[in-house]
>>> print(open('target.cif').read())   # mmCIF, C-alpha atoms
data_model
#
loop_
_atom_site.label_atom_id
_atom_site.label_comp_id
_atom_site.auth_asym_id
_atom_site.auth_seq_id
_atom_site.Cartn_x
_atom_site.Cartn_y
_atom_site.Cartn_z
CA MET A 1 -84.60 -124.79 -99.03
CA PRO A 2 -84.24 -122.78 -95.78
CA LYS A 3 -81.84 -119.85 -95.75
CA LEU A 4 -78.50 -120.09 -94.03
CA ILE A 5 -78.44 -118.00 -90.86
CA VAL A 6 -75.31 -116.07 -89.88
CA ILE A 7 -75.15 -114.47 -86.44
CA VAL A 8 -72.90 -111.46 -86.01
CA CYS A 9 -71.05 -111.53 -82.67
CA ALA A 10 -68.28 -109.01 -83.46
CA TRP A 11 -67.93 -105.34 -84.37
CA LEU A 12 -68.37 -104.37 -88.01
CA PRO A 13 -67.61 -101.08 -89.81
CA ASP A 14 -70.57 -98.84 -90.58
CA GLY A 15 -72.55 -100.11 -93.54
CA GLU A 16 -70.85 -103.51 -93.62
CA ILE A 17 -73.87 -105.59 -92.64
CA GLU A 18 -75.91 -103.90 -95.39
CA HIS A 19 -73.14 -104.77 -97.85
CA TRP A 20 -73.29 -108.40 -96.72
CA ARG A 21 -77.07 -108.54 -97.17
CA HIS A 22 -76.78 -107.05 -100.64
CA THR A 23 -73.99 -109.44 -101.63
CA PHE A 24 -75.68 -112.56 -100.20
CA PRO A 25 -79.46 -112.00 -100.45
CA ASP A 26 -80.10 -115.71 -99.81
CA ILE A 27 -78.51 -115.58 -96.34
CA ASP A 28 -80.06 -114.09 -93.20
CA PHE A 29 -77.64 -112.04 -91.09
CA LEU A 30 -78.78 -111.62 -87.49
CA ASP A 31 -77.41 -109.72 -84.54
CA ALA A 32 -76.21 -112.28 -81.99
CA LYS A 33 -78.39 -110.54 -79.38
CA THR A 34 -81.53 -111.50 -81.28
CA PRO A 35 -83.53 -113.95 -79.12
CA ASP A 36 -82.57 -117.58 -79.87
CA ALA A 37 -80.18 -116.44 -82.62
CA LEU A 38 -77.46 -118.88 -81.52
CA LEU A 39 -79.91 -121.78 -81.54
CA ARG A 40 -80.88 -120.98 -85.15
CA ALA A 41 -77.42 -120.18 -86.47
CA ASP A 42 -75.51 -122.12 -89.11
CA ILE A 43 -72.53 -119.74 -89.03
CA ALA A 44 -71.13 -117.28 -86.48
CA TYR A 45 -69.03 -114.24 -87.29
CA GLY A 46 -67.08 -113.57 -84.10
CA LEU A 47 -66.95 -115.67 -80.95
CA PRO A 48 -70.36 -116.80 -79.69
CA ASP A 49 -71.15 -117.41 -76.03
CA LEU A 50 -69.09 -120.53 -75.26
CA ALA A 51 -71.27 -121.42 -72.27
CA ARG A 52 -74.20 -121.83 -74.65
CA LEU A 53 -72.29 -123.41 -77.54
CA PRO A 54 -73.54 -126.96 -76.78
CA GLU A 55 -77.06 -125.63 -77.42
CA ALA A 56 -76.09 -124.54 -80.95
CA LYS A 57 -77.01 -127.80 -82.64
CA LYS A 58 -77.07 -126.29 -86.16
CA LEU A 59 -73.78 -124.39 -85.96
CA ARG A 60 -71.29 -125.57 -88.57
CA TRP A 61 -68.67 -122.83 -88.75
CA ILE A 62 -67.26 -120.04 -86.58
CA GLN A 63 -65.26 -117.23 -88.20
CA LEU A 64 -63.27 -115.63 -85.39
CA ALA A 65 -62.64 -111.89 -85.60
CA SER A 66 -59.11 -112.38 -84.26
CA ALA A 67 -55.97 -114.36 -84.97
CA GLY A 68 -55.95 -115.81 -81.45
CA VAL A 69 -58.04 -118.90 -80.75
CA PRO A 70 -59.50 -119.26 -77.23
CA HIS A 71 -58.32 -122.51 -75.59
CA ALA A 72 -61.84 -123.29 -74.38
CA LEU A 73 -63.25 -123.15 -77.91
CA CYS A 74 -61.18 -125.96 -79.42
CA PRO A 75 -62.54 -128.98 -77.49
CA LEU A 76 -66.11 -127.69 -77.83
CA ALA A 77 -65.73 -127.21 -81.58
CA GLN A 78 -64.15 -130.64 -81.95
CA ALA A 79 -66.96 -132.31 -80.02
CA GLN A 80 -69.62 -130.63 -82.16
CA ALA A 81 -67.75 -130.89 -85.49
CA ILE A 82 -67.74 -127.11 -85.88
CA ARG A 83 -65.22 -125.68 -88.31
CA VAL A 84 -63.24 -122.69 -86.99
CA THR A 85 -61.37 -120.09 -89.02
CA ASN A 86 -59.44 -117.11 -87.73
CA LEU A 87 -57.76 -113.99 -89.09
CA ALA A 88 -54.27 -115.45 -89.26
CA GLY A 89 -52.34 -113.80 -92.05
CA LEU A 90 -53.89 -110.35 -91.75
CA TYR A 91 -51.84 -109.01 -88.85
CA GLY A 92 -48.27 -109.68 -89.93
CA PRO A 93 -47.24 -106.33 -91.46
CA THR A 94 -48.75 -104.08 -88.76
CA ILE A 95 -47.62 -106.13 -85.74
CA ALA A 96 -44.15 -106.46 -87.25
CA GLU A 97 -43.94 -102.66 -87.45
CA HIS A 98 -44.87 -102.45 -83.77
CA ALA A 99 -42.18 -104.98 -82.83
CA LEU A 100 -39.47 -103.15 -84.77
CA ALA A 101 -40.63 -99.80 -83.36
CA MET A 102 -40.16 -101.15 -79.84
CA LEU A 103 -36.69 -102.47 -80.71
CA LEU A 104 -35.71 -99.11 -82.15
CA VAL A 105 -37.00 -97.14 -79.15
CA LEU A 106 -35.17 -99.32 -76.65
CA ASN A 107 -31.91 -99.55 -78.60
CA ARG A 108 -31.72 -95.84 -79.33
CA ASN A 109 -32.75 -94.85 -75.78
CA LEU A 110 -35.78 -92.94 -77.02
CA HIS A 111 -37.73 -94.07 -73.94
CA ILE A 112 -35.12 -92.27 -71.82
CA VAL A 113 -35.01 -89.05 -73.81
CA GLN A 114 -38.82 -88.95 -73.81
CA ARG A 115 -38.71 -88.78 -70.02
CA GLN A 116 -35.94 -86.16 -70.21
CA GLN A 117 -38.04 -84.04 -72.54
CA LEU A 118 -40.74 -83.81 -69.87
CA THR A 119 -38.19 -82.22 -67.49
CA LYS A 120 -36.43 -80.21 -70.24
CA THR A 121 -33.17 -82.04 -69.55
CA TRP A 122 -30.45 -81.89 -72.23
CA ASP A 123 -28.27 -84.93 -71.47
CA ARG A 124 -26.27 -86.34 -74.35
CA SER A 125 -24.84 -89.13 -72.18
CA VAL A 126 -27.65 -91.33 -73.49
CA MET A 127 -25.53 -91.76 -76.61
CA ASN A 128 -23.07 -93.84 -74.62
CA THR A 129 -25.46 -96.80 -74.44
CA MET A 130 -27.27 -96.27 -77.76
CA ARG A 131 -26.99 -99.15 -80.21
CA ASP A 132 -27.79 -99.87 -83.86
CA LEU A 133 -29.84 -102.81 -85.06
CA HIS A 134 -27.57 -103.22 -88.08
CA GLY A 135 -25.27 -106.22 -87.69
CA LYS A 136 -27.11 -107.65 -84.68
CA THR A 137 -28.85 -111.02 -84.47
CA LEU A 138 -32.59 -111.21 -83.86
CA ALA A 139 -34.11 -114.48 -82.63
CA ILE A 140 -37.80 -114.90 -83.44
CA VAL A 141 -39.96 -117.35 -81.51
CA GLY A 142 -42.72 -118.40 -83.90
CA MET A 143 -42.29 -118.15 -87.66
CA GLY A 144 -45.89 -117.78 -88.79
CA ASN A 145 -47.15 -114.74 -90.66
CA ILE A 146 -46.21 -112.30 -87.89
CA GLY A 147 -42.78 -113.82 -87.32
CA CYS A 148 -41.99 -113.84 -91.04
CA ASN A 149 -42.97 -110.18 -91.34
CA ILE A 150 -40.76 -109.29 -88.37
CA ALA A 151 -37.92 -111.16 -90.11
CA ARG A 152 -38.58 -109.24 -93.32
CA LEU A 153 -38.28 -105.87 -91.58
CA ALA A 154 -35.31 -106.97 -89.49
CA ARG A 155 -33.42 -107.98 -92.62
CA ALA A 156 -34.16 -104.55 -94.09
CA PHE A 157 -32.35 -103.07 -91.06
CA GLY A 158 -29.35 -105.28 -91.83
CA MET A 159 -29.94 -107.76 -89.02
CA ARG A 160 -29.13 -111.45 -89.03
CA VAL A 161 -32.27 -113.45 -88.25
CA VAL A 162 -32.67 -116.84 -86.60
CA GLY A 163 -36.01 -118.38 -85.74
CA CYS A 164 -37.79 -121.36 -84.27
CA ARG A 165 -41.11 -122.97 -85.12
CA ARG A 166 -43.07 -126.17 -84.51
CA THR A 167 -42.52 -127.52 -88.02
CA GLU A 168 -39.45 -127.67 -90.25
CA THR A 169 -41.10 -125.58 -92.97
CA PRO A 170 -38.51 -123.12 -94.33
CA SER A 171 -39.07 -119.46 -93.45
CA ALA A 172 -38.27 -116.52 -95.69
CA TYR A 173 -35.68 -113.98 -94.49
CA VAL A 174 -34.34 -116.40 -91.83
CA ASP A 175 -30.66 -117.30 -91.81
CA ARG A 176 -31.09 -120.33 -89.55
CA LEU A 177 -34.16 -122.22 -88.32
CA TYR A 178 -34.18 -124.07 -84.99
CA PRO A 179 -36.64 -126.63 -83.62
CA ARG A 180 -38.46 -125.60 -80.45
CA ALA A 181 -36.39 -128.07 -78.43
CA ASP A 182 -33.28 -125.99 -79.20
CA LEU A 183 -34.71 -122.71 -77.90
CA ALA A 184 -31.80 -122.07 -75.52
CA ALA A 185 -29.26 -122.68 -78.29
CA MET A 186 -31.05 -120.15 -80.49
CA PHE A 187 -31.18 -117.61 -77.66
CA ALA A 188 -27.42 -117.99 -77.16
CA GLU A 189 -26.93 -116.44 -80.61
CA ALA A 190 -29.32 -113.56 -80.02
CA ASP A 191 -28.73 -109.88 -79.36
CA HIS A 192 -32.51 -109.41 -79.41
CA VAL A 193 -35.60 -111.62 -79.20
CA ALA A 194 -39.10 -111.21 -80.64
CA ILE A 195 -41.94 -113.40 -79.38
CA ALA A 196 -44.44 -114.06 -82.19
CA ALA A 197 -45.73 -117.58 -81.45
CA PRO A 198 -49.39 -118.48 -80.87
CA LEU A 199 -50.39 -119.36 -77.31
CA THR A 200 -50.96 -123.10 -77.03
CA THR A 201 -50.37 -125.73 -74.37
CA ALA A 202 -46.96 -126.31 -75.99
CA THR A 203 -45.88 -122.65 -75.99
CA GLU A 204 -47.29 -121.50 -72.64
CA GLY A 205 -44.37 -120.62 -70.38
CA MET A 206 -41.78 -121.79 -72.91
CA VAL A 207 -39.59 -118.70 -72.38
CA GLY A 208 -38.29 -118.91 -68.82
CA PRO A 209 -35.09 -118.79 -66.73
CA GLU A 210 -33.12 -121.25 -68.87
CA ALA A 211 -33.85 -119.34 -72.07
CA PHE A 212 -33.10 -115.96 -70.45
CA GLN A 213 -29.78 -117.11 -69.05
CA ALA A 214 -28.77 -118.33 -72.50
CA LEU A 215 -29.15 -114.79 -73.89
CA LYS A 216 -26.16 -112.52 -74.29
CA PRO A 217 -25.97 -109.91 -71.53
CA GLY A 218 -27.67 -106.71 -72.66
CA ALA A 219 -30.21 -108.35 -74.96
CA ILE A 220 -33.65 -106.80 -75.56
CA LEU A 221 -36.91 -108.76 -75.79
CA VAL A 222 -40.17 -107.73 -77.41
CA ASN A 223 -43.42 -109.68 -77.06
CA VAL A 224 -46.21 -108.96 -79.53
CA SER A 225 -48.05 -112.29 -79.41
CA ARG A 226 -49.37 -113.49 -76.02
CA GLY A 227 -48.15 -112.72 -72.51
CA PRO A 228 -48.23 -116.23 -71.00
CA ILE A 229 -45.64 -117.52 -73.49
CA VAL A 230 -43.07 -115.72 -71.33
CA GLN A 231 -42.80 -116.63 -67.64
CA GLU A 232 -43.51 -113.22 -66.12
CA LYS A 233 -41.62 -113.62 -62.84
CA ALA A 234 -38.54 -114.82 -64.68
CA LEU A 235 -38.83 -111.83 -67.04
CA ILE A 236 -39.05 -109.36 -64.15
CA ASP A 237 -36.09 -111.00 -62.40
CA VAL A 238 -33.85 -110.85 -65.46
CA LEU A 239 -34.85 -107.23 -66.14
CA ARG A 240 -34.04 -106.23 -62.57
CA SER A 241 -30.70 -108.02 -62.69
CA GLY A 242 -29.72 -106.11 -65.83
CA HIS A 243 -28.91 -109.27 -67.76
CA LEU A 244 -31.82 -108.32 -70.02
CA ARG A 245 -31.27 -104.70 -71.00
CA GLY A 246 -34.91 -104.00 -71.79
CA ALA A 247 -38.28 -105.32 -72.86
CA GLY A 248 -41.00 -103.99 -75.14
CA LEU A 249 -44.29 -105.60 -74.16
CA ASP A 250 -47.63 -105.32 -75.92
CA VAL A 251 -49.09 -108.37 -74.15
CA PHE A 252 -49.19 -109.59 -70.56
CA ALA A 253 -50.14 -112.60 -68.45
CA GLY A 254 -53.11 -110.64 -67.06
CA GLU A 255 -54.83 -107.85 -68.96
CA PRO A 256 -55.40 -105.02 -68.33
CA LEU A 257 -52.06 -104.80 -66.55
CA PRO A 258 -52.87 -104.08 -62.87
CA ALA A 259 -51.95 -100.59 -61.67
CA ASP A 260 -49.59 -101.99 -59.00
CA HIS A 261 -47.75 -104.31 -61.40
CA PRO A 262 -43.93 -103.85 -61.39
CA LEU A 263 -43.74 -103.80 -65.19
CA TRP A 264 -45.30 -100.32 -65.14
CA THR A 265 -42.40 -98.81 -63.23
CA LEU A 266 -39.31 -100.73 -64.36
CA PRO A 267 -37.29 -98.07 -66.22
CA ASN A 268 -36.13 -100.50 -68.90
CA VAL A 269 -39.63 -101.63 -69.91
CA LEU A 270 -41.80 -100.19 -72.67
CA VAL A 271 -45.50 -100.98 -72.13
CA SER A 272 -48.20 -100.75 -74.79
CA PRO A 273 -51.80 -101.82 -74.04
CA HIS A 274 -52.16 -104.79 -76.42
CA TYR A 275 -52.97 -102.70 -79.47
CA SER A 276 -50.31 -103.66 -82.01
CA GLY A 277 -52.90 -105.19 -84.36
CA GLU A 278 -55.69 -102.66 -83.97
CA THR A 279 -55.23 -101.04 -87.37
CA VAL A 280 -56.47 -104.35 -88.77
CA ASN A 281 -59.27 -104.76 -86.23
CA THR A 282 -60.69 -101.31 -86.98
CA SER A 283 -60.52 -101.78 -90.75
CA ALA A 284 -62.68 -103.66 -93.23
CA LEU A 285 -60.06 -106.42 -93.65
CA PRO A 286 -61.68 -108.91 -91.21
CA ALA A 287 -65.09 -108.46 -92.83
CA ARG A 288 -63.60 -108.92 -96.30
CA ARG A 289 -61.85 -112.11 -95.13
CA PHE A 290 -65.22 -113.39 -93.89
CA LEU A 291 -66.90 -112.71 -97.23
CA ARG A 292 -64.19 -114.63 -99.08
CA ASN A 293 -64.58 -117.50 -96.64
CA LEU A 294 -68.37 -117.36 -96.92
CA ARG A 295 -68.12 -117.82 -100.67
CA ALA A 296 -65.67 -120.68 -100.19
CA PHE A 297 -68.00 -122.26 -97.61
CA GLY A 298 -70.89 -122.20 -100.05
CA GLN A 299 -68.75 -123.79 -102.77
CA ASP A 300 -67.12 -126.32 -100.41
CA GLU A 301 -63.68 -124.83 -101.11
CA LEU A 302 -60.68 -124.31 -98.82
CA GLN A 303 -61.11 -121.34 -96.47
CA GLU A 304 -58.46 -118.90 -95.30
CA GLY A 305 -57.26 -119.18 -91.71
CA LEU A 306 -58.58 -122.69 -91.07
CA VAL A 307 -57.75 -123.57 -87.45
CA ASP A 308 -56.19 -126.89 -86.51
CA LEU A 309 -58.31 -127.57 -83.43
CA LYS A 310 -55.84 -130.15 -82.17
CA HIS A 311 -53.00 -127.62 -82.03
CA GLY A 312 -55.19 -124.60 -81.24
CA TYR A 313 -54.19 -122.33 -84.13
#
>>> encode(input="target.cif", output="structure tokens")
Amino acid sequence: MPKLIVIVCAWLPDGEIEHWRHTFPDIDFLDAKTPDALLRADIAYGLPDLARLPEAKKLRWIQLASAGVPHALCPLAQAQAIRVTNLAGLYGPTIAEHALAMLLVLNRNLHIVQRQQLTKTWDRSVMNTMRDLHGKTLAIVGMGNIGCNIARLARAFGMRVVGCRRTETPSAYVDRLYPRADLAAMFAEADHVAIAAPLTTATEGMVGPEAFQALKPGAILVNVSRGPIVQEKALIDVLRSGHLRGAGLDVFAGEPLPADHPLWTLPNVLVSPHYSGETVNTSALPARRFLRNLRAFGQDELQEGLVDLKHGY
């Protein structure tokens, strides 16, 4: 019986590929750059070249090295009956910490005092607009693993949490769950908003002028999922008007953020370069997830992070 062939299309920690070969001696692990590797592959770790995917007649499964699922992959995988799994479930704790860190910085004016430190300015007037998270309401868009971990940390700060999601599945640490159609009603309750939904055709651009106007004046928004979920022009307009007090953004409509983009210079915006989940990406967790899924694949068992190709996540 011929060996299964796995092509490696994503970064791995030092020594990991040797560990895989030792653990699965009956499987060949090839660098994706090996000539004709994609044509021979049964499994891909990481995203293969989508332009050449129709040539991969043997490919049965792609393990993405990310939680996000490229839109272009889903119809191709459906057409070729390729199973896709992602890293959903691994990022929740670390991205939730990033979201809460941004909320804390913006509410306690730490972004302002950081600039004052550079000029050695002692100005205690920043206390006049400092706020606590305790007792405030946080609205979370998307109650998957990341959203639920944000809710968990928010509750630890004494916040009330409301959330919305595609399904009616109950969410831990959430005081009230809204359907997506009631987004504006949820925003009307919110002192702060965290965007944690996956980017799909249904969520792209879902946060726009109507949702922003429903927010209480002085609200703060953080986005740690995908930039295009928020309509960028509407976000800039509401930040400039002051209706939105501030925004902490780890993701953007276009990345890297262009040097002349207004979000760089708005004083009430905290920019981070899409790195909130990198402690996972630079660890062995993705590789360990793949090994568990590889065992499950061989035993025809349920795999972790199975992507619904119809919905795109």
>>> atom_distance(input="target.cif", atom1="atom CA of A:Glu210", atom2="atom CA of A:His274")
26.3 Å
>>> resolve_selection(input="target.cif", expression="the PyMOL selection byres ((chain A and resi 50) around 10)", output="PDB file with C-alpha atoms, keeping the file's coordinate frame")
ATOM      1  CA  LEU A  47     -66.950-115.670 -80.950  1.00  0.00           C
ATOM      2  CA  PRO A  48     -70.360-116.800 -79.690  1.00  0.00           C
ATOM      3  CA  ASP A  49     -71.150-117.410 -76.030  1.00  0.00           C
ATOM      4  CA  ALA A  51     -71.270-121.420 -72.270  1.00  0.00           C
ATOM      5  CA  ARG A  52     -74.200-121.830 -74.650  1.00  0.00           C
ATOM      6  CA  LEU A  53     -72.290-123.410 -77.540  1.00  0.00           C
ATOM      7  CA  PRO A  54     -73.540-126.960 -76.780  1.00  0.00           C
ATOM      8  CA  GLU A  55     -77.060-125.630 -77.420  1.00  0.00           C
ATOM      9  CA  ALA A  56     -76.090-124.540 -80.950  1.00  0.00           C
ATOM     10  CA  PRO A  70     -59.500-119.260 -77.230  1.00  0.00           C
ATOM     11  CA  ALA A  72     -61.840-123.290 -74.380  1.00  0.00           C
ATOM     12  CA  LEU A  73     -63.250-123.150 -77.910  1.00  0.00           C
ATOM     13  CA  LEU A  76     -66.110-127.690 -77.830  1.00  0.00           C
ATOM     14  CA  ALA A  77     -65.730-127.210 -81.580  1.00  0.00           C
TER      15      ALA A  77
END
>>> residues_near_point(input="target.cif", point="(-31.6, -110.2, -90.1)", cutoff="10 Å", atoms="only C-alpha atoms", output="list in words")
Leu133, His134, Gly135, Lys136, Thr137, Leu138, Ala139, Ile150, Ala151, Arg152, Leu153, Ala154, Arg155, Ala156, Phe157, Gly158, Met159, Arg160, Val161, Val162, Tyr173, Val174 and Asp175 of chain A
>>> resolve_selection(input="target.cif", expression="the PyMOL selection byres ((chain A and resi 275) around 10)", output="PyMOL selection string")
chain A and resi 95+98+224+250-251+272-274+276-279+281
>>> write_last_selection(input="target.cif", atoms="C-alpha atoms", output="PDB file, keeping the file's coordinate frame")
ATOM      1  CA  ILE A  95     -47.620-106.130 -85.740  1.00  0.00           C
ATOM      2  CA  HIS A  98     -44.870-102.450 -83.770  1.00  0.00           C
ATOM      3  CA  VAL A 224     -46.210-108.960 -79.530  1.00  0.00           C
ATOM      4  CA  ASP A 250     -47.630-105.320 -75.920  1.00  0.00           C
ATOM      5  CA  VAL A 251     -49.090-108.370 -74.150  1.00  0.00           C
ATOM      6  CA  SER A 272     -48.200-100.750 -74.790  1.00  0.00           C
ATOM      7  CA  PRO A 273     -51.800-101.820 -74.040  1.00  0.00           C
ATOM      8  CA  HIS A 274     -52.160-104.790 -76.420  1.00  0.00           C
ATOM      9  CA  SER A 276     -50.310-103.660 -82.010  1.00  0.00           C
ATOM     10  CA  GLY A 277     -52.900-105.190 -84.360  1.00  0.00           C
ATOM     11  CA  GLU A 278     -55.690-102.660 -83.970  1.00  0.00           C
ATOM     12  CA  THR A 279     -55.230-101.040 -87.370  1.00  0.00           C
ATOM     13  CA  ASN A 281     -59.270-104.760 -86.230  1.00  0.00           C
TER      14      ASN A 281
END
>>> atom_distance(input="target.cif", atom1="atom CA of A:Ile43", atom2="atom CA of A:Asn293")
11.2 Å
>>> closest_residue(input="target.cif", among="A:Leu215, A:Met130, A:Ala99, A:Ile27", to="A:Ile112", atoms="all atoms listed in the file")
A:Met130
>>> atom_distance(input="target.cif", atom1="atom CA of A:Pro209", atom2="atom CA of A:Val238")
8.1 Å
